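Undergrad: First the structure, then my questions, so here it is.
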Amino acid sequence: MTRTEPTSAAFAAAVTLKPAEPEHFDRAFTATTQPCPWPKAYGGDMVAQAAAAAIRSVEDKTLHSMHSYFLRPVDIGAEVRYEVELLRDGRGYATRQVRGFQNGKPVYVCLANFAAGEPGSREYATQPPADVPDPESLPTAVSYLRDTASRPTTQPPHTMTDAVREYWGGGRSFDMRHVPGPLYLTVEGERTPHQAVWVRPFDRLKPVDGLTDAQRDLAALAYVCDFTILEPVLRVLGLPWTLPGLVTASLDHAMWFHRPGPVDGWLLYAQEAIAAESGRGLATGRFFTAAGVHLATVVQEGLIRTAS
């Protein structure tokens, strides 16, 4: 069988929305969650789809923040209806509420804020972590998983399957390279509360109907941010993704978009574990361009449950 090259098609499909007749609020769109090897859909689908829905209801302003709650698990490969409430349209700012519905129930909700921008404002930006290896010097997920598969006697019991390996290797639309190493089978490197992940689309992002390229890039950051944001918490706790009995789920999420920047090249996603208690973990993340420009900041709390 010929192996196809990984692409960013899943992201483009996720944020391609269809206008629908509103049932609850002012605007409505439908979108389809993308395949993944878990029981329920990937949380970044909902964040990016809600961002796209909110963006398509606002003119002459740019999304600068989102605050989300994941209310129920979402079915994979099924439509979610996003209803947008136009809460406020001011001269400088606009606010939207977006609710996602599936099977007649609310599954996701967020508030999104937009800004017109003010020229001449003073600026400050934090700096990326120092001494992070170049992404091209780091193994891809495919090569890492291939190498570890050749050393089965060194690995503890795990829940890795061919479907999971294929998804991590090329099914997420983005190439991801970890510093320290990944948490797929074991916690590679020290159990530190810090990690960084280089991310880049597998190929150039395609145009998305209803979004400008700059708006699509904001949605891309919202989409990719959820894949690894809980990993610094898992790392410091010594929990690899394939540990039998491990259950994780996104609970709530906040994201701020500080300045525009292209998403087609390498981005450094610097992450830190903040807290872990009572089955929940909180982490922060910051996106930087390869040149060190700070694009966005993420805070997320998630469920982290183990068998013992």
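By convention in this document, the chains of the structure tokens carry letters A, B, ... by their order, each chain's residues are numbered from 1, and ligands are numbered from 1 in the order they are shown.
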Would you pick out the contacts of Arg305 (chain A) at 6 Å or less, using only C-alpha atoms, so that residues sharing its chain but fewer than 5 positions from it are not included, and give the list as number ranges by chain?
TA: A: 246-247, 279
Undergrad: Out of region 117-184 of chain A, which residues get helix (DSSP H, G or I) from DSSP, as a PDB file with C-alpha atoms, in the first residue's frame?
TA:
ATOM      1  CA  PRO A 135      13.040  22.062  14.864  1.00  0.00           C
ATOM      2  CA  GLU A 136      14.855  20.435  11.946  1.00  0.00           C
ATOM      3  CA  SER A 137      17.266  18.849  14.441  1.00  0.00           C
ATOM      4  CA  ALA A 141       6.483  11.989  15.413  1.00  0.00           C
ATOM      5  CA  VAL A 142       6.714   9.333  12.679  1.00  0.00           C
ATOM      6  CA  SER A 143      10.422   8.714  13.215  1.00  0.00           C
ATOM      7  CA  TYR A 144      10.095   8.745  17.001  1.00  0.00           C
ATOM      8  CA  LEU A 145       7.231   6.249  16.990  1.00  0.00           C
ATOM      9  CA  ARG A 146       9.041   4.042  14.465  1.00  0.00           C
ATOM     10  CA  ASP A 147      12.200   4.006  16.578  1.00  0.00           C
ATOM     11  CA  THR A 148      10.361   3.255  19.818  1.00  0.00           C
ATOM     12  CA  ALA A 149       8.352   0.509  18.137  1.00  0.00           C
ATOM     13  CA  PRO A 152       9.289  -2.967  22.541  1.00  0.00           C
ATOM     14  CA  THR A 153      11.097  -4.561  25.457  1.00  0.00           C
ATOM     15  CA  THR A 154      12.086  -1.145  26.819  1.00  0.00           C
ATOM     16  CA  ASP A 162      -1.791   1.393  14.705  1.00  0.00           C
ATOM     17  CA  ALA A 163      -4.609   3.957  14.408  1.00  0.00           C
ATOM     18  CA  VAL A 164      -3.168   6.078  17.212  1.00  0.00           C
ATOM     19  CA  ARG A 165       0.348   5.837  15.752  1.00  0.00           C
ATOM     20  CA  GLU A 166      -0.917   6.911  12.324  1.00  0.00           C
ATOM     21  CA  TYR A 167      -2.893   9.802  13.795  1.00  0.00           C
ATOM     22  CA  TRP A 168       0.049  11.136  15.803  1.00  0.00           C
ATOM     23  CA  GLY A 169       2.347  10.721  12.835  1.00  0.00           C
ATOM     24  CA  GLY A 170       0.286  12.539  10.221  1.00  0.00           C
ATOM     25  CA  GLY A 171      -3.400  12.898  11.065  1.00  0.00           C
TER      26      GLY A 171
END
Undergrad: Near Pro260 (chain A), within 12 Å and counting only C-alpha atoms, which residues show up once chain neighbours fewer than 2 positions away are dropped, as a PyMOL selection string?
TA: chain A and resi 62-64+117+213-219+221+256-258+262-263+287-289+293-296
Undergrad: In Å to one decimal, how far is CA of His194 (chain A) from CA of Asp134 (chain A)?
TA: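 Between CA of Asp134 (chain A) and CA of His194 (chain A) the gap works out to 17.3 Å.
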Undergrad: Need to verify the contact set: region 298-300 of chain A, 7 Å, only C-alpha atoms, exclusion of same-chain residues closer than 5 positions in sequence. Can you return it as a PyMOL selection string?
TA: chain A and resi 252-256+282-286
Undergrad: Could you please write out, as number ranges by chain, every residue of region 22-228 of chain A that DSSP assigns to strand (DSSP E)?
TA: A: 27-32, 62-70, 79-89, 93-102, 105-115, 174-179, 194-201
Undergrad: A:Ile76, A:Ala291, A:Ala196, A:Ala9: which is nearest Pro39 (chain A), counting only C-alpha atoms?
TA: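 Distance minimum relative to Pro39 (chain A) lands on A:Ile76.
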Undergrad: Let me make sure I understand: among A:Thr140, A:Thr248, A:Thr95, A:Thr161, which one has the smallest atom-to-atom distance to Leu234 (chain A) if we use only C-alpha atoms?
TA: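 Closest to Leu234 (chain A) of all the choices is A:Thr248.
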Undergrad: Find the residues near Arg204 (chain A): any atom within 9 Å, counting only C-alpha atoms, skip ones fewer than 5 places away on the same chain, and give them as a list in words.
TA: Thr7, Ser8, Val263, Asp264 and Gly265 of chain A
Undergrad: Calculate how many Å separate CA of Leu17 (chain A) from CA of Gly90 (chain A), rounding to one decimal.
TA: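 About the pair CA of Leu17 (chain A) and CA of Gly90 (chain A): they are 25.7 Å apart.
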Undergrad: Let me make sure I understand: among A:Pro128, A:Gly100, A:Gly44, A:Pro139, which one has the smallest atom-to-atom distance to Ala28 (chain A) if we use only C-alpha atoms?
TA: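 Distance minimum relative to Ala28 (chain A) lands on A:Gly100.
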Undergrad: Please list as number ranges by chain every residue within 7 Å of region 29-33 of chain A, counting only C-alpha atoms and excluding residues in the same chain fewer than 5 positions away.
TA: A: 14-20, 41, 45, 49, 53, 76-83
Undergrad: Could those residues be written to a file, using C-alpha atoms, as a short mmCIF file (atom, residue, chain, number, x, y, z; two decimals), in the first residue's frame?
TA:
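As written to disk, again18.cif reads:
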data_model
loop_
_atom_site.label_atom_id
_atom_site.label_comp_id
_atom_site.auth_asym_id
_atom_site.auth_seq_id
_atom_site.Cartn_x
_atom_site.Cartn_y
_atom_site.Cartn_z
CA ALA A 14 -12.83 21.44 10.23
CA VAL A 15 -13.13 25.22 9.77
CA THR A 16 -15.14 25.11 6.55
CA LEU A 17 -18.55 26.15 7.81
CA LYS A 18 -21.95 25.98 6.14
CA PRO A 19 -24.43 28.79 6.81
CA ALA A 20 -27.65 27.54 8.42
CA ALA A 41 -13.97 14.48 18.96
CA ASP A 45 -12.25 21.30 16.44
CA GLN A 49 -15.04 26.14 14.47
CA ALA A 53 -18.34 31.21 13.25
CA ILE A 76 -16.69 12.29 15.68
CA GLY A 77 -17.51 12.89 12.02
CA ALA A 78 -20.84 14.49 12.88
CA GLU A 79 -22.22 17.97 12.43
CA VAL A 80 -22.17 20.56 15.20
CA ARG A 81 -24.50 23.55 14.88
CA TYR A 82 -22.88 26.82 16.02
CA GLU A 83 -25.36 29.55 16.95
#
Undergrad: Can you measure CA of Leu185 (chain A) to CA of Pro244 (chain A) for me? One decimal in Å is fine.
TA: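 Between CA of Leu185 (chain A) and CA of Pro244 (chain A) the gap is 10.6 Å.
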